[in-house]
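Enquirer: What follows is a single structure, and I will ask about it in a moment.
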Amino acid sequence: MNCIIVDDQDSARLVVRQLCEGINDLDIIEEFSSAIEAIKFLNQQSVDVIFLDIHMPGFSGFDFVQTLKSAAQIVLITADKDLAIEAYEYESISDYLVKPITQERFKKSMNKVKNKLHRTSMIQHGGSSSDLIGNDLYINIDRRLTKLKFDDILFIKAKGDYIDVKTHKEMYVVHSTLKKIKDKLPDNIFLQTHRSYIINFTKIIDIEDNSVLIEKNVIPISRSNRPELIRRLNLL
Amino acid sequence: MKNCVIVEDEFTAQEVVKHLAVKYGGLNILATFDNAEDALKFINQNETVDIVFLDIHLPDMSGFSFLENVTFNPKVVLITSDKNLALTAYNFDLVVDYLVKPLQKDRFMEAINQC
């Protein structure tokens with residue numbers, strides 16, 4: 001896992017660095033003393049884990065989390081015990097560690113992050129839907145092109161610079177946009193139901209006023225997309 | 001459809017969680033308990049439980065002791081009026097979210113979507 005450290009204090013960054021040394025498979029690729037610098041960096045490059053201080057001058061850790069458009073998991077590292085309740089407001093925050101941090105607790109935290117961190121991947125860009133071969137979509141996962149059958153895809157959710165591609169068995173996190181993948185999907189079975197969702201509508205179990213159920217997932221339908229969905233369903 | 005269990009000793013709070021879980025969450029409620037002991041027995045024998053809505057202050061044990069005794073890995077959403085235990089909650093990997101009463105629909109949905 002690639003990580004960065006964002007903390008205004010040199011000594012605090014050193015502590016995190018030392019904790020990281022005890023973990024296999026964790027590489028610190030950069031350190032930042034200001035959140036703004038870190039955001040600039042993250043606009044260019046993606047990472048798996050961000051170790052983040054909360055109290056920093058000017059731009060706080062929570063400001064940073066709100067600004068972030070990344071699928072990275074965030075681990076807060078702070079001396080302040082009182083903000084854990086606020087941390088729960090952000091899905092991207094995986095853990096909240098209060099200094100001093102034991103190696104044991106840190107290790108536990110990294111296991112949690114690994115579990116939460118879906119396999120990050122890159123979709124192959126370029127080409128248009130006319131280049132589609134058969135019934136498959138290839139996505140690049142861990143530098144390996146993995147074949148997904150269109151029919152296995154349940155839905156796709158936009159998340160900042162990433163999309164989640166959900167199949168029955170797996171959730172793939174792909175560095176792409178909803179618009180790009182939409183062009184690659186056959187529109188006889190895929191339909192956008194919401195600004196952030198494309199569904200495989202052959203997988204629908206039932207439909208309520210403003211949501212559809214696909215396997216165990218409740219997907220929102222926006223008002224503007226609803227008529228198209230209903231029209232399509234009538235065709236089936 | 002995901003299966004959930006509600007562990008909450010306060011009747012009104014139980015009703016609120018039930019309502020939100022069914023109407024907005026599209027969840028199937030397998031059982032509701034007002035104490036930890038019965039809930040633990042049920043949950044540990046039913047690995048089909050996907051989500052547990054858990055109050056922290058229960059009459060017979062704390063929600064955290066409860067979590068230490070769960071023998072598999074359901075997702076747990078803590079629901080409490082106590083704001084001061086969120087830090088402790090981070091020590092438990094099963095906990096995906098920590099909601100403070102009174103429950104808000106949108107915040108509740110955010111929690112469910114992480115489960």
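In the structure tokens, the first chain shown is A, the next is B, and so on; residue numbers restart at 1 for each chain, and ligands run from 1 in the order shown.
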Please list as a short mmCIF file (atom, residue, chain, number, x, y, z; two decimals) with C-alpha atoms, in the first residue's frame every residue within 12 Å of A:Asn217, counting only C-alpha atoms and excluding residues in the same chain fewer than 5 positions away.
Expert:
```cif
data_model
loop_
_atom_site.label_atom_id
_atom_site.label_comp_id
_atom_site.auth_asym_id
_atom_site.auth_seq_id
_atom_site.Cartn_x
_atom_site.Cartn_y
_atom_site.Cartn_z
CA LEU A 154 -24.72 -5.26 -11.03
CA PHE A 155 -24.17 -1.55 -10.91
CA ILE A 156 -21.56 1.17 -11.07
CA LYS A 157 -21.24 3.99 -8.60
CA LYS A 166 -20.01 -4.05 -8.30
CA THR A 167 -20.44 -7.64 -9.38
CA HIS A 168 -22.08 -10.45 -7.45
CA TYR A 197 -25.26 5.44 -10.54
CA ILE A 199 -27.38 -0.02 -13.09
CA LYS A 203 -30.64 -7.37 -12.14
CA ILE A 204 -33.43 -5.37 -10.56
CA ILE A 205 -35.35 -7.19 -7.87
CA ASP A 206 -37.90 -4.51 -7.15
CA ILE A 207 -38.53 -0.82 -7.53
CA SER A 211 -34.98 3.49 -5.39
CA VAL A 212 -34.33 0.11 -6.95
CA MET B 1 -32.21 -8.17 0.82
CA LYS B 2 -29.98 -7.63 3.83
CA ASN B 3 -30.93 -9.07 7.19
CA TYR B 24 -35.81 3.55 3.68
CA GLY B 25 -33.11 0.94 4.11
CA GLY B 26 -35.01 -1.89 2.41
CA LEU B 27 -33.78 -4.20 5.15
CA MET B 109 -28.94 5.88 5.08
CA ILE B 112 -26.58 1.51 5.76
CA ASN B 113 -24.85 2.21 2.49
CA GLN B 114 -21.54 1.37 4.13
CA CYS B 115 -22.82 -2.00 5.29
#
```
Enquirer: Check chain B with DSSP on the backbone and list each residue it calls alpha helix (DSSP H), as a PDB file with C-alpha atoms, in the first residue's frame.
Expert:
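The resulting file, selection_29.pdb, is reproduced below:
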```
ATOM      1  CA  PHE B  11     -39.008   0.985  22.976  1.00  0.00           C
ATOM      2  CA  THR B  12     -39.315   4.276  21.114  1.00  0.00           C
ATOM      3  CA  ALA B  13     -35.793   4.030  19.756  1.00  0.00           C
ATOM      4  CA  GLN B  14     -36.523   0.459  18.620  1.00  0.00           C
ATOM      5  CA  GLU B  15     -39.544   1.678  16.697  1.00  0.00           C
ATOM      6  CA  VAL B  16     -37.589   4.480  15.027  1.00  0.00           C
ATOM      7  CA  VAL B  17     -34.825   2.116  13.901  1.00  0.00           C
ATOM      8  CA  LYS B  18     -37.377  -0.426  12.632  1.00  0.00           C
ATOM      9  CA  HIS B  19     -39.180   2.214  10.649  1.00  0.00           C
ATOM     10  CA  LEU B  20     -36.037   3.621   9.034  1.00  0.00           C
ATOM     11  CA  ALA B  21     -34.569   0.180   8.357  1.00  0.00           C
ATOM     12  CA  VAL B  22     -37.643  -1.131   6.582  1.00  0.00           C
ATOM     13  CA  LYS B  23     -39.021   1.929   4.871  1.00  0.00           C
ATOM     14  CA  ALA B  36     -27.651  -8.081  25.050  1.00  0.00           C
ATOM     15  CA  GLU B  37     -27.669 -11.681  26.250  1.00  0.00           C
ATOM     16  CA  ASP B  38     -30.604 -12.892  24.152  1.00  0.00           C
ATOM     17  CA  ALA B  39     -29.348 -10.913  21.187  1.00  0.00           C
ATOM     18  CA  LEU B  40     -25.895 -12.507  21.408  1.00  0.00           C
ATOM     19  CA  LYS B  41     -27.354 -16.004  21.493  1.00  0.00           C
ATOM     20  CA  PHE B  42     -29.456 -15.286  18.450  1.00  0.00           C
ATOM     21  CA  ILE B  43     -26.762 -13.539  16.455  1.00  0.00           C
ATOM     22  CA  ASN B  44     -24.070 -16.135  17.105  1.00  0.00           C
ATOM     23  CA  GLN B  45     -26.452 -18.838  15.881  1.00  0.00           C
ATOM     24  CA  GLY B  63     -22.409  -2.692  23.585  1.00  0.00           C
ATOM     25  CA  PHE B  64     -18.633  -3.058  23.562  1.00  0.00           C
ATOM     26  CA  SER B  65     -18.668  -6.215  25.707  1.00  0.00           C
ATOM     27  CA  PHE B  66     -21.347  -7.408  23.332  1.00  0.00           C
ATOM     28  CA  LEU B  67     -19.032  -6.862  20.354  1.00  0.00           C
ATOM     29  CA  GLU B  68     -16.247  -8.807  22.032  1.00  0.00           C
ATOM     30  CA  ALA B  86     -16.829   7.133  19.436  1.00  0.00           C
ATOM     31  CA  LEU B  87     -13.125   6.818  20.121  1.00  0.00           C
ATOM     32  CA  THR B  88     -13.627   3.452  21.821  1.00  0.00           C
ATOM     33  CA  ALA B  89     -15.795   2.381  18.887  1.00  0.00           C
ATOM     34  CA  LYS B 105     -32.920   9.653   7.997  1.00  0.00           C
ATOM     35  CA  ASP B 106     -30.077  10.818   5.753  1.00  0.00           C
ATOM     36  CA  ARG B 107     -27.405   9.972   8.257  1.00  0.00           C
ATOM     37  CA  PHE B 108     -29.014   6.580   8.827  1.00  0.00           C
ATOM     38  CA  MET B 109     -28.945   5.884   5.075  1.00  0.00           C
ATOM     39  CA  GLU B 110     -25.271   6.807   4.910  1.00  0.00           C
ATOM     40  CA  ALA B 111     -24.603   4.203   7.562  1.00  0.00           C
ATOM     41  CA  ILE B 112     -26.580   1.509   5.760  1.00  0.00           C
ATOM     42  CA  ASN B 113     -24.852   2.212   2.488  1.00  0.00           C
TER      43      ASN B 113
END
```
Enquirer: I need the residue nearest A:Val65 from this list: A:Ser94, A:Asn2, A:Thr102, A:Ser176. Use only C-alpha atoms for the distance.
Expert: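 Smallest separation from A:Val65 among the options: A:Ser94.
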Enquirer: Calculated over only C-alpha atoms, which of the candidates B:Ile56, B:Val96, B:Ile79, B:Leu103 has the smallest distance to chain A?
Expert: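 Checking each of B:Ile56, B:Val96, B:Ile79, B:Leu103 against chain A, counting only C-alpha atoms, the winner is B:Val96.
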Enquirer: Output as a VMD selection string all residues of stretch 5-235 of chain A that backbone DSSP marks as strand (DSSP E or B).
Expert: chain A and resid 5 to 6 27 to 32 49 to 52 73 to 78 93 to 98 120 to 123 136 to 141 144 to 149 153 to 159 162 to 167 171 to 175 190 to 194 197 to 200 204 to 207 211 to 214 217 to 220
Enquirer: Near A:Leu97, within 10 Å and counting only C-alpha atoms, which residues show up once chain neighbours fewer than 3 positions away are dropped, as number ranges by chain?
Expert: A: 51-53, 75-81, 84, 100-102, 105-106, 109; B: 87, 90-91
Enquirer: With the cut-off set at 9 Å and counting only C-alpha atoms, tabulate each residue of chain A with an atom at most that distance from an atom of chain B, showing the nearest atom pair and its distance in Å to one decimal, ordered by chain and increasing number, as JSON lines.
Expert:
```
{"residue": "A:Lys81", "atom": "CA", "partner": "B:Leu87", "partner_atom": "CA", "distance": 7.0}
{"residue": "A:Asp82", "atom": "CA", "partner": "B:Asn84", "partner_atom": "CA", "distance": 7.7}
{"residue": "A:Leu83", "atom": "CA", "partner": "B:Leu87", "partner_atom": "CA", "distance": 8.0}
{"residue": "A:Ala84", "atom": "CA", "partner": "B:Leu87", "partner_atom": "CA", "distance": 5.1}
{"residue": "A:Ile85", "atom": "CA", "partner": "B:Ala86", "partner_atom": "CA", "distance": 5.1}
{"residue": "A:Glu86", "atom": "CA", "partner": "B:Ala86", "partner_atom": "CA", "distance": 8.7}
{"residue": "A:Ala87", "atom": "CA", "partner": "B:Ala86", "partner_atom": "CA", "distance": 8.7}
{"residue": "A:Tyr88", "atom": "CA", "partner": "B:Asp97", "partner_atom": "CA", "distance": 6.1}
{"residue": "A:Glu89", "atom": "CA", "partner": "B:Asp97", "partner_atom": "CA", "distance": 8.2}
{"residue": "A:Glu91", "atom": "CA", "partner": "B:Gln114", "partner_atom": "CA", "distance": 7.6}
{"residue": "A:Ser94", "atom": "CA", "partner": "B:Tyr90", "partner_atom": "CA", "distance": 8.4}
{"residue": "A:Asp95", "atom": "CA", "partner": "B:Tyr90", "partner_atom": "CA", "distance": 6.1}
{"residue": "A:Tyr96", "atom": "CA", "partner": "B:Tyr90", "partner_atom": "CA", "distance": 6.4}
{"residue": "A:Leu97", "atom": "CA", "partner": "B:Tyr90", "partner_atom": "CA", "distance": 8.3}
{"residue": "A:Val98", "atom": "CA", "partner": "B:Leu87", "partner_atom": "CA", "distance": 8.6}
{"residue": "A:Arg105", "atom": "CA", "partner": "B:Asn91", "partner_atom": "CA", "distance": 8.3}
{"residue": "A:Lys108", "atom": "CA", "partner": "B:Asn91", "partner_atom": "CA", "distance": 8.7}
{"residue": "A:Ser109", "atom": "CA", "partner": "B:Asn91", "partner_atom": "CA", "distance": 8.5}
{"residue": "A:Lys112", "atom": "CA", "partner": "B:Asp93", "partner_atom": "CA", "distance": 6.6}
{"residue": "A:Leu213", "atom": "CA", "partner": "B:Gly26", "partner_atom": "CA", "distance": 7.9}
{"residue": "A:Ile214", "atom": "CA", "partner": "B:Met1", "partner_atom": "CA", "distance": 8.5}
{"residue": "A:Glu215", "atom": "CA", "partner": "B:Met1", "partner_atom": "CA", "distance": 6.4}
{"residue": "A:Lys216", "atom": "CA", "partner": "B:Met1", "partner_atom": "CA", "distance": 4.5}
{"residue": "A:Asn217", "atom": "CA", "partner": "B:Met1", "partner_atom": "CA", "distance": 7.5}
{"residue": "A:Val218", "atom": "CA", "partner": "B:Gly26", "partner_atom": "CA", "distance": 7.0}
```
Enquirer: How far is it from atom CA of B:Ile51 to atom CA of A:Asp209, in Å with one decimal?
Expert: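 Distance reported for this atom pair: 23.9 Å.
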Enquirer: Could you pull the residues within 12 Å of A:Lys179, counting only C-alpha atoms, minus those fewer than 2 positions along the same chain, as a VMD selection string?
Expert: chain A and resid 125 128 156 to 158 161 to 163 176 to 177 181 to 185 191 to 192 195 to 198
Enquirer: Identify, on the basis of only C-alpha atoms, every residue whose closest approach to A:Asn43 does not exceed 9 Å; exclude the query and any residue fewer than 6 positions from it along the same chain; express the result as a list in words.
Expert: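 Counting only C-alpha atoms, the residues come to Leu68, Lys69 and Ser70 of chain A.
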Enquirer: Quick one: write out the picked residues with N, CA and C atoms as a CSV table (one decimal), in the first residue's frame?
Expert:
```
chain,number,residue,atom,x,y,z
A,68,LEU,N,-11.2,16.2,-0.4
A,68,LEU,CA,-10.5,15.1,-1.1
A,68,LEU,C,-11.4,14.4,-2.1
A,69,LYS,N,-10.8,14.2,-3.3
A,69,LYS,CA,-11.6,13.4,-4.3
A,69,LYS,C,-10.7,12.2,-4.6
A,70,SER,N,-10.7,11.3,-3.7
A,70,SER,CA,-9.8,10.1,-3.8
A,70,SER,C,-10.4,8.9,-3.1
```
Enquirer: Kindly indicate which residue among A:Leu14, A:Gln66, A:Ile4, A:Asn115 lies nearest to A:Asp27, using only C-alpha atoms for the distances.
Expert: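 Among the listed residues, A:Ile4 lies closest to A:Asp27.
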Enquirer: Nearest residue to B:Asp60 out of B:Asp34, B:Pro102, B:Glu10, B:Ile29, using only C-alpha atoms?
Expert: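 So, comparing all the options, the nearest one is B:Asp34.
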Enquirer: Just give me the gap between atom CA of A:Gly61 and atom CA of B:Lys75 in Å, one decimal is fine.
Expert: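 Taking atom CA of A:Gly61 as the start and atom CA of B:Lys75 as the end point, the length is 26.6 Å.
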Enquirer: Suppose you want the space between atom CA of B:Asn73 and atom CA of B:Asn35; what is it in Å?
Expert: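 Between atom CA of B:Asn73 and atom CA of B:Asn35 the gap is 19.9 Å.
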